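J.: Here's a structure for you.
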Amino acid sequence: MLFSLIISLIVIFSLVFGTLNGSLPAVSAAAAEGAKDAVDLCLSLCGMICLWSGVMELMRRSGLSEKLSRLLRPILGRLFPTAAKDREAMDALSSNVSANLLGLGNAATPAGIRAAVRLNRLSGLSSASNELCLLVVMNTASIQLIPTTVASLRASLGASAPFDILPAVWLSSLLSVSAGILAAKLFERFSRL
């Protein structure tokens, strides 16, 4: 509601200022150009989302996703001890983390939702369990080895080397996930006191 109000005020202010300044045609042209650019961006992102969702499905059907999930299970089992006892929850968690590692945040969402529902059922609580909170933190921080969505966006905007951001992405995602897990575990410990 507040965001809608802010956007409405910005539009009204722009129109009033454009009218008073005599640049209303330029404001109108900029609005039309911005709308066109937004549609172009959405279409290019939709194409990339479809492509990488297809890649995730191919990985799932070929068994590659299962192999990656098996590699992640020991780590995820320590982070999510309740989920480690439930195969469906671990499969959803592993798929979610695998997709996030590959930078496929949009493809990771369905697996993340399945994992969240399963964790909620396993906890039996009416509020979010510590493991569910940790899942949200990990998805928000999202460690990435290959930032495909960002690279696709950079490529669609004309970047000559869309993957030259890899070292910065690796460092920032490692730090954000580590800080997120540490904070979630600290809050879990404080909530027991």
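Ordering of the structure tokens sets the chain letters (A, B, ...), residue numbers begin anew at 1 in every chain, and ligands are numbered from 1 in the order given.
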Could you pull the residues within 7 Å of Leu101 of chain A, counting only C-alpha atoms, minus those fewer than 5 positions along the same chain, as a list in words?
T.: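 After dropping sequence-adjacent residues, the list is Ile143, Gln144, Leu145 and Ile146 of chain A.
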J.: Which is closest to Val55 of chain A among A:Val97, A:Leu41, A:Ala111, A:Leu102, if we use only C-alpha atoms?
T.: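 Of A:Val97, A:Leu41, A:Ala111, A:Leu102, the one nearest Val55 of chain A, counting only C-alpha atoms, is A:Leu102.
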J.: For segment 51-53 of chain A, work out the shell of residues within 8 Å, counting only C-alpha atoms and skipping chain neighbours fewer than 6 positions away, then give it as a ChimeraX atom specification.
T.: /A:104,106-107
J.: Tell me which of A:Val27, A:Ala159, A:Leu93, A:Leu186 sits closest to Pro74 of chain A, counting only C-alpha atoms.
T.: A:Leu93
J.: So that I can see what lies close to segment 150-158 of chain A, please list as a list in words the residues with an atom at most 8 Å from it, counting only C-alpha atoms and leaving out residues fewer than 4 positions away in the same chain.
T.: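 Close residues of segment 150-158 of chain A: Leu41, Ser44, Leu45, Met48, Pro162 and Phe163 of chain A.
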J.: Any chance you can output those residues with C-alpha atoms as an mmCIF file, in the first residue's frame?
T.:
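For reference, selection_26.cif as written:
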data_model
loop_
_atom_site.group_PDB
_atom_site.id
_atom_site.type_symbol
_atom_site.label_atom_id
_atom_site.label_comp_id
_atom_site.auth_asym_id
_atom_site.auth_seq_id
_atom_site.Cartn_x
_atom_site.Cartn_y
_atom_site.Cartn_z
ATOM 1 C CA LEU A 41 13.476 -6.948 -20.185
ATOM 2 C CA SER A 44 14.327 -11.640 -22.284
ATOM 3 C CA LEU A 45 14.119 -12.826 -18.667
ATOM 4 C CA MET A 48 16.092 -17.314 -19.811
ATOM 5 C CA PRO A 162 28.510 -11.285 -18.840
ATOM 6 C CA PHE A 163 30.302 -13.810 -16.612
#
J.: Restricting the calculation to only C-alpha atoms: of A:Val39, A:Leu79, A:Met90, A:Ile7, which residue gets closest to Asn130 of chain A?
T.: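 Under the stated criterion, the closest residue is A:Leu79.
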J.: Atom CA of Arg61 of chain A and atom CA of Ala99 of chain A are how many Å apart?
T.: 14.4 Å
J.: Can you pull out every residue within 9 Å of Leu24 of chain A, counting only C-alpha atoms, but drop anything in the same chain fewer than 6 positions away, and send it as number ranges by chain?
T.: A: 14-18
J.: Could you tell me how far atom CA of Ala89 of chain A lies from atom CA of Gly124 of chain A, in Å and to one decimal?
T.: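 These atoms are spaced 14.1 Å apart.
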J.: Rounded to one decimal in Å, what is the spacing between atom CA of Ser176 of chain A and atom CA of Asn100 of chain A?
T.: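 Taking atom CA of Ser176 of chain A as the start and atom CA of Asn100 of chain A as the end point, the length is 13.5 Å.
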J.: Considering only C-alpha atoms, can you say which of A:Ile6, A:Leu135, A:Ile49, A:Met59 comes closest to Thr149 of chain A?
T.: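 Selected residue with least distance to Thr149 of chain A: A:Ile49.
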J.: Which residue gives the smallest distance to Ile113 of chain A among A:Leu171, A:Ala35, A:Ser95, A:Gly77, with only C-alpha atoms counted?
T.: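 So, comparing all the options, the nearest one is A:Ser95.
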J.: Quick one: everything within 8 Å of Val177 of chain A, counting only C-alpha atoms, minus sequence neighbours fewer than 4 positions away in the same chain. Send it as a list in words.
T.: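 The residues that qualify are Val137, Met138, Ala141, Ser142, Ile143, Ser173 and Ile181 of chain A.
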